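S.K.: My structure file final.cif, mmCIF, C-alpha atoms, is below:
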data_protein
#
loop_
_atom_site.group_PDB
_atom_site.id
_atom_site.type_symbol
_atom_site.label_atom_id
_atom_site.label_comp_id
_atom_site.auth_asym_id
_atom_site.auth_seq_id
_atom_site.Cartn_x
_atom_site.Cartn_y
_atom_site.Cartn_z
ATOM 1 C CA MET A 1 111.638 146.528 94.408
ATOM 2 C CA SER A 2 108.356 146.220 96.303
ATOM 3 C CA PHE A 3 108.099 146.294 100.091
ATOM 4 C CA SER A 4 107.082 142.622 100.026
ATOM 5 C CA SER A 5 110.158 141.666 97.974
ATOM 6 C CA GLU A 6 112.393 143.626 100.331
ATOM 7 C CA VAL A 7 110.947 141.768 103.321
ATOM 8 C CA LYS A 8 111.530 138.418 101.616
ATOM 9 C CA ASN A 9 115.100 139.335 100.755
ATOM 10 C CA GLU A 10 115.761 140.142 104.392
ATOM 11 C CA LEU A 11 114.178 136.865 105.540
ATOM 12 C CA ALA A 12 116.146 134.880 102.933
ATOM 13 C CA ARG A 13 119.375 136.010 104.576
ATOM 14 C CA ILE A 14 118.457 134.430 107.921
ATOM 15 C CA GLU A 15 120.265 131.198 108.746
ATOM 16 C CA PRO A 16 118.458 129.162 111.432
ATOM 17 C CA GLU A 17 120.677 128.401 114.393
ATOM 18 C CA LYS A 18 119.109 125.039 115.260
ATOM 19 C CA ASN A 19 118.592 121.921 113.159
ATOM 20 C CA CYS A 20 114.956 121.724 114.251
ATOM 21 C CA CYS A 21 114.368 125.243 112.944
ATOM 22 C CA GLU A 22 116.056 124.409 109.636
ATOM 23 C CA LEU A 23 113.674 121.497 109.187
ATOM 24 C CA ALA A 24 110.635 123.566 110.182
ATOM 25 C CA GLU A 25 111.495 126.310 107.695
ATOM 26 C CA ILE A 26 112.134 123.811 104.890
ATOM 27 C CA SER A 27 108.823 122.115 105.661
ATOM 28 C CA GLY A 28 106.896 125.401 105.557
ATOM 29 C CA PHE A 29 108.496 126.449 102.284
ATOM 30 C CA ILE A 30 107.882 123.108 100.555
ATOM 31 C CA ARG A 31 104.301 123.079 101.842
ATOM 32 C CA THR A 32 103.396 126.418 100.204
ATOM 33 C CA ALA A 33 105.819 126.701 97.264
ATOM 34 C CA GLY A 34 106.208 123.057 96.338
ATOM 35 C CA SER A 35 104.481 120.344 94.374
ATOM 36 C CA LEU A 36 105.044 116.606 94.003
ATOM 37 C CA ARG A 37 105.506 114.662 90.794
ATOM 38 C CA LEU A 38 105.136 110.911 90.662
ATOM 39 C CA GLU A 39 107.975 109.004 89.118
ATOM 40 C CA GLY A 40 108.404 105.309 88.430
ATOM 41 C CA GLY A 41 107.764 102.851 91.250
ATOM 42 C CA GLY A 42 105.500 105.228 93.140
ATOM 43 C CA ARG A 43 108.403 107.473 94.026
ATOM 44 C CA PHE A 44 108.207 111.251 94.306
ATOM 45 C CA ARG A 45 110.067 114.244 92.927
ATOM 46 C CA ILE A 46 109.820 117.462 94.932
ATOM 47 C CA VAL A 47 109.546 120.602 92.812
ATOM 48 C CA VAL A 48 109.517 124.024 94.442
ATOM 49 C CA SER A 49 109.472 127.310 92.577
ATOM 50 C CA THR A 50 109.976 130.976 93.379
ATOM 51 C CA SER A 51 110.429 134.193 91.439
ATOM 52 C CA ASP A 52 113.109 135.408 93.836
ATOM 53 C CA PRO A 53 116.682 134.190 93.225
ATOM 54 C CA ALA A 54 117.683 134.984 96.823
ATOM 55 C CA ILE A 55 114.976 132.641 98.114
ATOM 56 C CA ALA A 56 116.053 129.905 95.678
ATOM 57 C CA ARG A 57 119.680 130.181 96.812
ATOM 58 C CA HIS A 58 118.615 130.215 100.451
ATOM 59 C CA TYR A 59 116.661 126.952 100.288
ATOM 60 C CA LYS A 60 119.180 125.249 98.053
ATOM 61 C CA LYS A 61 121.732 125.897 100.795
ATOM 62 C CA LEU A 62 119.346 125.054 103.631
ATOM 63 C CA ILE A 63 118.361 121.687 102.132
ATOM 64 C CA LYS A 64 122.008 120.889 101.481
ATOM 65 C CA ASN A 65 122.942 121.763 105.070
ATOM 66 C CA TYR A 66 120.181 119.757 106.709
ATOM 67 C CA PHE A 67 119.763 116.712 104.466
ATOM 68 C CA ASP A 68 123.256 116.661 102.942
ATOM 69 C CA THR A 69 121.689 116.239 99.537
ATOM 70 C CA PRO A 70 121.978 118.357 96.392
ATOM 71 C CA THR A 71 119.100 120.084 94.630
ATOM 72 C CA GLU A 72 118.821 120.827 90.945
ATOM 73 C CA LEU A 73 118.274 124.503 90.151
ATOM 74 C CA GLU A 74 116.648 125.502 86.886
ATOM 75 C CA VAL A 75 115.744 128.941 85.619
ATOM 76 C CA GLU A 76 112.672 129.472 83.446
ATOM 77 C CA ASP A 77 112.183 132.640 81.430
ATOM 78 C CA GLY A 78 108.717 134.198 81.514
ATOM 79 C CA GLY A 79 109.158 135.069 77.826
ATOM 80 C CA ASN A 80 106.410 137.077 76.206
ATOM 81 C CA LEU A 81 104.249 136.772 79.300
ATOM 82 C CA GLY A 82 106.398 139.359 81.029
ATOM 83 C CA LYS A 83 106.463 137.426 84.290
ATOM 84 C CA GLY A 84 110.222 137.473 84.704
ATOM 85 C CA HIS A 85 112.289 134.465 85.653
ATOM 86 C CA LYS A 86 111.150 131.526 87.738
ATOM 87 C CA TYR A 87 113.669 129.605 89.813
ATOM 88 C CA ILE A 88 112.884 125.928 90.254
ATOM 89 C CA LEU A 89 114.467 123.604 92.815
ATOM 90 C CA SER A 90 114.050 119.908 92.112
ATOM 91 C CA ILE A 91 114.823 116.930 94.358
ATOM 92 C CA GLY A 92 114.434 113.467 92.846
ATOM 93 C CA PRO A 93 114.151 109.990 94.393
ATOM 94 C CA GLU A 94 117.879 109.471 93.931
ATOM 95 C CA ASP A 95 118.453 112.418 96.264
ATOM 96 C CA ARG A 96 116.218 111.015 99.002
ATOM 97 C CA SER A 97 113.093 113.005 98.210
ATOM 98 C CA GLU A 98 110.948 110.531 100.144
ATOM 99 C CA GLN A 99 113.059 110.924 103.275
ATOM 100 C CA ILE A 100 112.789 114.700 103.009
ATOM 101 C CA LEU A 101 109.004 114.504 102.673
ATOM 102 C CA ARG A 102 108.730 112.220 105.688
ATOM 103 C CA GLU A 103 110.961 114.313 107.928
ATOM 104 C CA ALA A 104 109.124 117.458 106.825
ATOM 105 C CA GLY A 105 105.834 115.927 107.974
ATOM 106 C CA ILE A 106 104.352 115.940 104.472
ATOM 107 C CA LEU A 107 104.497 112.263 103.505
ATOM 108 C CA MET A 108 102.783 110.196 106.197
ATOM 109 C CA VAL A 109 101.770 106.595 106.708
ATOM 110 C CA ARG A 110 98.288 105.370 107.598
ATOM 111 C CA LYS A 111 97.474 101.659 107.868
ATOM 112 C CA GLY A 112 100.644 100.801 106.006
ATOM 113 C CA ASN A 113 99.928 103.152 103.118
ATOM 114 C CA ASN A 114 101.631 106.416 102.208
ATOM 115 C CA TYR A 115 99.525 109.561 102.014
ATOM 116 C CA ILE A 116 100.187 113.269 101.630
ATOM 117 C CA SER A 117 99.032 115.235 104.656
ATOM 118 C CA ASP A 118 97.119 118.494 104.194
ATOM 119 C CA GLY A 119 97.990 120.198 107.442
ATOM 120 C CA ILE A 120 100.941 121.083 109.639
ATOM 121 C CA TYR A 121 102.596 118.139 111.394
ATOM 122 C CA ASP A 122 102.668 118.888 115.126
ATOM 123 C CA GLY A 123 106.108 117.376 115.555
ATOM 124 C CA ILE A 124 107.597 119.999 113.242
ATOM 125 C CA VAL A 125 106.314 122.987 115.236
ATOM 126 C CA ARG A 126 106.510 121.697 118.779
ATOM 127 C CA SER A 127 108.728 124.534 120.068
ATOM 128 C CA LYS A 128 108.286 128.297 119.710
ATOM 129 C CA CYS A 129 111.505 128.734 117.711
ATOM 130 C CA CYS A 130 110.285 126.137 115.195
ATOM 131 C CA ARG A 131 106.896 127.845 114.867
ATOM 132 C CA LYS A 132 108.733 131.070 113.998
ATOM 133 C CA ALA A 133 110.860 129.249 111.416
ATOM 134 C CA TYR A 134 107.831 127.482 109.917
ATOM 135 C CA LEU A 135 105.988 130.784 109.596
ATOM 136 C CA ARG A 136 109.008 132.261 107.827
ATOM 137 C CA GLY A 137 109.047 129.287 105.447
ATOM 138 C CA VAL A 138 105.373 129.513 104.463
ATOM 139 C CA PHE A 139 105.649 133.276 104.011
ATOM 140 C CA LEU A 140 108.692 132.933 101.746
ATOM 141 C CA GLY A 141 106.784 130.269 99.844
ATOM 142 C CA SER A 142 103.511 132.094 99.164
ATOM 143 C CA GLY A 143 103.247 135.206 101.308
ATOM 144 C CA THR A 144 102.983 138.882 100.489
ATOM 145 C CA VAL A 145 102.820 142.075 102.532
ATOM 146 C CA SER A 146 101.591 145.436 101.276
ATOM 147 C CA ASP A 147 103.591 148.631 101.407
ATOM 148 C CA PRO A 148 102.453 150.131 104.750
ATOM 149 C CA ALA A 149 102.436 153.592 103.187
ATOM 150 C CA LYS A 150 99.478 152.404 101.079
ATOM 151 C CA ALA A 151 97.710 149.698 103.100
ATOM 152 C CA TYR A 152 98.082 147.237 105.950
ATOM 153 C CA HIS A 153 97.715 143.738 104.570
ATOM 154 C CA LEU A 154 99.718 140.535 104.998
ATOM 155 C CA GLU A 155 98.601 137.240 103.507
ATOM 156 C CA ILE A 156 99.776 133.690 102.898
ATOM 157 C CA ILE A 157 98.101 131.557 100.232
ATOM 158 C CA CYS A 158 97.434 127.941 101.209
ATOM 159 C CA GLY A 159 96.523 125.056 98.929
ATOM 160 C CA SER A 160 93.962 123.518 101.303
ATOM 161 C CA LYS A 161 91.514 124.533 104.001
ATOM 162 C CA VAL A 162 93.229 122.198 106.465
ATOM 163 C CA LEU A 163 96.591 123.918 105.971
ATOM 164 C CA ALA A 164 95.013 127.387 106.247
ATOM 165 C CA THR A 165 93.197 126.388 109.431
ATOM 166 C CA ASP A 166 96.369 124.940 110.955
ATOM 167 C CA LEU A 167 98.343 128.040 109.959
ATOM 168 C CA CYS A 168 95.783 130.310 111.643
ATOM 169 C CA LYS A 169 96.108 128.211 114.794
ATOM 170 C CA LEU A 170 99.906 128.414 114.624
ATOM 171 C CA ILE A 171 99.863 132.203 114.228
ATOM 172 C CA ASN A 172 97.351 132.561 117.043
ATOM 173 C CA THR A 173 99.703 130.751 119.463
ATOM 174 C CA PHE A 174 101.783 133.932 119.560
ATOM 175 C CA VAL A 175 100.697 136.507 122.131
ATOM 176 C CA ASP A 176 98.407 139.270 120.843
ATOM 177 C CA LEU A 177 98.357 137.875 117.282
ATOM 178 C CA SER A 178 95.261 136.911 115.340
ATOM 179 C CA ALA A 179 94.910 135.786 111.725
ATOM 180 C CA LYS A 180 91.783 135.170 109.665
ATOM 181 C CA MET A 181 91.050 132.935 106.702
ATOM 182 C CA VAL A 182 89.099 133.464 103.490
ATOM 183 C CA GLU A 183 88.544 131.360 100.367
ATOM 184 C CA ARG A 184 89.621 132.967 97.102
ATOM 185 C CA LYS A 185 89.516 131.292 93.672
ATOM 186 C CA GLY A 186 89.821 127.785 95.060
ATOM 187 C CA LYS A 187 92.665 128.729 97.408
ATOM 188 C CA TYR A 188 92.537 129.526 101.095
ATOM 189 C CA VAL A 189 94.165 132.749 102.218
ATOM 190 C CA VAL A 190 95.377 133.407 105.753
ATOM 191 C CA TYR A 191 95.545 137.143 106.293
ATOM 192 C CA MET A 192 95.764 140.007 108.765
ATOM 193 C CA LYS A 193 94.985 143.695 108.257
ATOM 194 C CA LYS A 194 95.980 145.321 111.545
ATOM 195 C CA ALA A 195 99.263 147.203 111.476
ATOM 196 C CA ALA A 196 100.193 145.946 114.958
ATOM 197 C CA TYR A 197 99.649 142.307 113.932
ATOM 198 C CA ILE A 198 101.710 142.732 110.774
ATOM 199 C CA SER A 199 104.527 144.443 112.668
ATOM 200 C CA ASP A 200 104.621 141.633 115.242
ATOM 201 C CA THR A 201 104.536 138.970 112.512
ATOM 202 C CA LEU A 202 107.457 140.552 110.663
ATOM 203 C CA ALA A 203 109.373 140.613 113.948
ATOM 204 C CA ILE A 204 108.541 136.976 114.675
ATOM 205 C CA MET A 205 109.802 135.918 111.250
ATOM 206 C CA GLY A 206 112.983 137.973 111.691
ATOM 207 C CA ALA A 207 112.419 140.929 109.328
ATOM 208 C CA HIS A 208 113.530 143.431 111.965
ATOM 209 C CA SER A 209 114.682 146.228 109.646
ATOM 210 C CA HIS A 210 111.270 146.222 107.957
ATOM 211 C CA VAL A 211 109.539 146.271 111.332
ATOM 212 C CA LEU A 212 111.344 149.586 111.881
ATOM 213 C CA ALA A 213 110.299 150.763 108.411
ATOM 214 C CA LEU A 214 106.668 149.924 109.151
ATOM 215 C CA GLU A 215 106.804 151.611 112.555
ATOM 216 C CA ASP A 216 108.305 154.707 110.903
ATOM 217 C CA VAL A 217 105.361 154.847 108.490
ATOM 218 C CA LEU A 218 102.935 154.454 111.390
ATOM 219 C CA ILE A 219 104.560 157.310 113.312
ATOM 220 C CA ARG A 220 104.508 159.602 110.268
ATOM 221 C CA LYS A 221 100.845 158.787 109.615
ATOM 222 C CA GLN A 222 99.979 159.458 113.255
ATOM 223 C CA MET A 223 101.818 162.790 113.123
ATOM 224 C CA ARG A 224 99.990 163.791 109.939
ATOM 225 C CA GLY A 225 96.696 162.754 111.506
ATOM 226 C CA GLU A 226 97.415 164.766 114.643
ATOM 227 C CA ALA A 227 98.389 167.789 112.559
ATOM 228 C CA ALA A 228 95.172 167.466 110.564
ATOM 229 C CA ARG A 229 93.113 167.225 113.758
ATOM 230 C CA MET A 230 94.829 170.311 115.170
ATOM 231 C CA THR A 231 94.206 172.201 111.923
ATOM 232 C CA ASN A 232 90.551 171.194 111.948
ATOM 233 C CA CYS A 233 90.280 172.199 115.590
ATOM 234 C CA ASP A 234 91.891 175.580 114.852
ATOM 235 C CA SER A 235 89.543 176.079 111.917
ATOM 236 C CA ALA A 236 86.541 175.226 114.048
ATOM 237 C CA ASN A 237 87.691 177.617 116.776
ATOM 238 C CA THR A 238 88.236 180.370 114.201
ATOM 239 C CA ASP A 239 84.740 179.827 112.793
ATOM 240 C CA ARG A 240 83.219 180.039 116.274
ATOM 241 C CA ILE A 241 85.170 183.232 117.033
ATOM 242 C CA LEU A 242 84.054 184.853 113.782
ATOM 243 C CA ASP A 243 80.424 183.821 114.314
ATOM 244 C CA ALA A 244 80.409 185.195 117.842
ATOM 245 C CA ALA A 245 82.233 188.354 116.770
ATOM 246 C CA GLY A 246 79.713 188.891 113.983
ATOM 247 C CA ASN A 247 76.814 188.758 116.440
ATOM 248 C CA GLN A 248 78.629 191.096 118.821
ATOM 249 C CA ILE A 249 79.455 193.651 116.102
ATOM 250 C CA GLU A 250 75.880 193.546 114.846
ATOM 251 C CA ALA A 251 74.655 194.290 118.388
ATOM 252 C CA ILE A 252 77.177 197.138 118.782
ATOM 253 C CA ASN A 253 76.061 198.707 115.485
ATOM 254 C CA ARG A 254 72.442 198.589 116.674
ATOM 255 C CA LEU A 255 73.475 200.313 119.897
ATOM 256 C CA LYS A 256 75.294 202.999 117.883
ATOM 257 C CA ALA A 257 72.370 203.565 115.540
ATOM 258 C CA SER A 258 69.963 203.997 118.433
ATOM 259 C CA GLY A 259 72.291 206.287 120.397
ATOM 260 C CA ARG A 260 72.216 203.841 123.286
ATOM 261 C CA LEU A 261 75.966 203.056 123.084
ATOM 262 C CA GLU A 262 76.930 206.588 124.262
ATOM 263 C CA GLN A 263 74.780 206.088 127.350
ATOM 264 C CA LEU A 264 76.688 202.952 128.458
ATOM 265 C CA PRO A 265 79.618 203.007 130.918
ATOM 266 C CA TYR A 266 83.078 203.804 129.528
ATOM 267 C CA LYS A 267 84.333 200.220 129.992
ATOM 268 C CA LEU A 268 81.552 198.861 127.781
ATOM 269 C CA ARG A 269 82.107 201.577 125.145
ATOM 270 C CA GLU A 270 85.832 200.764 125.159
ATOM 271 C CA MET A 271 85.085 197.071 124.688
ATOM 272 C CA ALA A 272 82.654 197.814 121.867
ATOM 273 C CA GLU A 273 85.276 199.862 120.043
ATOM 274 C CA LEU A 274 87.915 197.115 120.419
ATOM 275 C CA ARG A 275 85.548 194.443 119.128
ATOM 276 C CA VAL A 276 84.579 196.433 116.025
ATOM 277 C CA GLU A 277 88.224 197.178 115.246
ATOM 278 C CA ASN A 278 89.350 193.544 115.841
ATOM 279 C CA PRO A 279 86.615 191.216 114.555
ATOM 280 C CA GLU A 280 88.965 188.182 114.344
ATOM 281 C CA ALA A 281 90.485 188.542 117.816
ATOM 282 C CA SER A 282 89.761 185.978 120.488
ATOM 283 C CA LEU A 283 88.482 186.940 123.937
ATOM 284 C CA THR A 284 91.978 186.447 125.345
ATOM 285 C CA GLU A 285 93.497 188.700 122.693
ATOM 286 C CA LEU A 286 90.885 191.401 123.320
ATOM 287 C CA GLY A 287 91.668 191.284 127.025
ATOM 288 C CA GLU A 288 95.389 191.779 126.365
ATOM 289 C CA MET A 289 94.621 194.940 124.341
ATOM 290 C CA LEU A 290 93.055 196.655 127.358
ATOM 291 C CA GLU A 291 94.961 198.751 129.886
ATOM 292 C CA PRO A 292 95.117 197.250 132.408
ATOM 293 C CA PRO A 293 94.705 193.823 130.733
ATOM 294 C CA LEU A 294 91.500 191.934 131.448
ATOM 295 C CA LYS A 295 91.006 188.193 131.812
ATOM 296 C CA LYS A 296 88.978 186.203 129.310
ATOM 297 C CA SER A 297 86.029 185.913 131.695
ATOM 298 C CA GLY A 298 85.964 189.700 132.186
ATOM 299 C CA VAL A 299 85.968 190.322 128.429
ATOM 300 C CA ASN A 300 83.178 187.801 127.961
ATOM 301 C CA ASN A 301 81.144 189.497 130.707
ATOM 302 C CA ARG A 302 81.434 192.946 129.068
ATOM 303 C CA LEU A 303 80.481 191.613 125.628
ATOM 304 C CA LYS A 304 77.545 189.818 127.192
ATOM 305 C CA LYS A 305 76.325 193.117 128.680
ATOM 306 C CA LEU A 306 76.586 194.752 125.251
ATOM 307 C CA LEU A 307 74.445 191.971 123.767
ATOM 308 C CA GLU A 308 71.892 192.369 126.551
ATOM 309 C CA ALA A 309 71.772 196.109 126.022
ATOM 310 C CA ALA A 310 71.139 195.620 122.304
ATOM 311 C CA ALA A 311 68.401 193.078 123.049
ATOM 312 C CA GLU A 312 66.580 195.712 125.167
ATOM 313 C CA ILE A 313 66.296 197.978 122.139
ATOM 314 C CA GLY A 314 63.993 195.479 120.464
#
Could you render the structure as structure tokens?

M.R.:
Amino acid sequence: MSFSSEVKNELARIEPEKNCCELAEISGFIRTAGSLRLEGGGRFRIVVSTSDPAIARHYKKLIKNYFDTPTELEVEDGGNLGKGHKYILSIGPEDRSEQILREAGILMVRKGNNYISDGIYDGIVRSKCCRKAYLRGVFLGSGTVSDPAKAYHLEIICGSKVLATDLCKLINTFVDLSAKMVERKGKYVVYMKKAAYISDTLAIMGAHSHVLALEDVLIRKQMRGEAARMTNCDSANTDRILDAAGNQIEAINRLKASGRLEQLPYKLREMAELRVENPEASLTELGEMLEPPLKKSGVNNRLKKLLEAAAEIG
């Protein structure tokens, strides 16, 4: 099961505590997963579909609880297309589909005529708890989230620009959250790509166990990144040590060849011998080999004098 499916299964187990939140979640789900079919007398049939049986069961129960009306559940087989099953909830005029559409802020009246609104009805998302529930509904209807181990991407597909714009505004009402919108193949996609935004959105919708899973991935990635930076730093330090040691050994060999090394003070001759025998040692390590031990600055000073002596040879 994908990370996105796991998130949806967790969200589908949430039962809103308030009636207003039940309505907001139903409205969001119908808005993104539903369609309307005209029946005789200008009446409507609501048809919502999902590929997840847990989501279908969840909204069948939620609609029953809030509207006290049954929904028909059908299962379609993807057949040779290999798309798996599709679960379809249907609510006809006899089961008060028009009332549901009106309460959900989808079927509106203007100048005495019915019309289907494109955006989010303000009355549905007036409170913060209802905005959370609505966001959960639209995500369960048409949202996806990538496996954080591979990428950071959460998106919700909207059928109109108005809905996408309203959804961006709704998401942006939450502190430190920001969503963007893009048009793709005639649809409008509300998305976010920052790990922090996605984590906060999952928490807002109620997918707390998957917030922890995402945070765990983030921590592991940060640890790997830190380890890589430390390794690169160590490699760079090693390269610098070897480069410096190579120059120092070359200078010492020139001093030996010219006979100048034997004329230098004992402390410099001792340092020259240590450097030649330990080309990979750091200045600190060289200092610890001396008796008595010498600090890094003292070692550096002696090696510097050896380099200067070699430079005088020409």

S.K.: Work out how far CA of Glu155 (chain A) is from CA of Arg31 (chain A), in Å to one decimal.

M.R.: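 Separating CA of Arg31 (chain A) from CA of Glu155 (chain A) is a distance of 15.4 Å.
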
S.K.: Determine the residue set returned by the PyMOL selection byres ((chain A and resi 181) around 10) for the present structure, and present it as a ChimeraX atom specification.

M.R.: /A:155-158,161,164-165,167-168,179-180,182-184,188-192

S.K.: As a check of understanding, name the residues that the PyMOL selection byres ((chain A and resi 285) around 12) selects in the supplied structure, as a ChimeraX atom specification.

M.R.: /A:241,274-275,278-284,286-290,293-296,299-300

S.K.: With distances taken over all atoms listed in the file, which residue among A:Lys61, A:Ile116, A:Glu6, A:Met1 lies nearest Val211 (chain A)?

M.R.: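 Smallest distance to Val211 (chain A) is found for A:Glu6.
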
S.K.: Pick out the residues sitting within 10 Å of Arg43 (chain A), and hand them over as a list in words; count all atoms listed in the file, and ignore anything fewer than 2 positions along from it in its own chain.

M.R.: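 My list of contacting residues is Leu36, Arg37, Leu38, Glu39, Gly40, Gly41, Arg45, Gly92, Pro93, Glu94, Arg96, Ser97 and Glu98 of chain A.
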
S.K.: Given the selection you just returned, output its residues as a file containing C-alpha atoms, formatted as a compact mmCIF listing (two decimals), in the frame of the given file.

M.R.:
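out-v8.txt was written with the following content:
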# COMPACT_ATOMS: atom_id res chain seq x y z
CA LEU A 36 105.04 116.61 94.00
CA ARG A 37 105.51 114.66 90.79
CA LEU A 38 105.14 110.91 90.66
CA GLU A 39 107.98 109.00 89.12
CA GLY A 40 108.40 105.31 88.43
CA GLY A 41 107.76 102.85 91.25
CA ARG A 45 110.07 114.24 92.93
CA GLY A 92 114.43 113.47 92.85
CA PRO A 93 114.15 109.99 94.39
CA GLU A 94 117.88 109.47 93.93
CA ARG A 96 116.22 111.02 99.00
CA SER A 97 113.09 113.00 98.21
CA GLU A 98 110.95 110.53 100.14
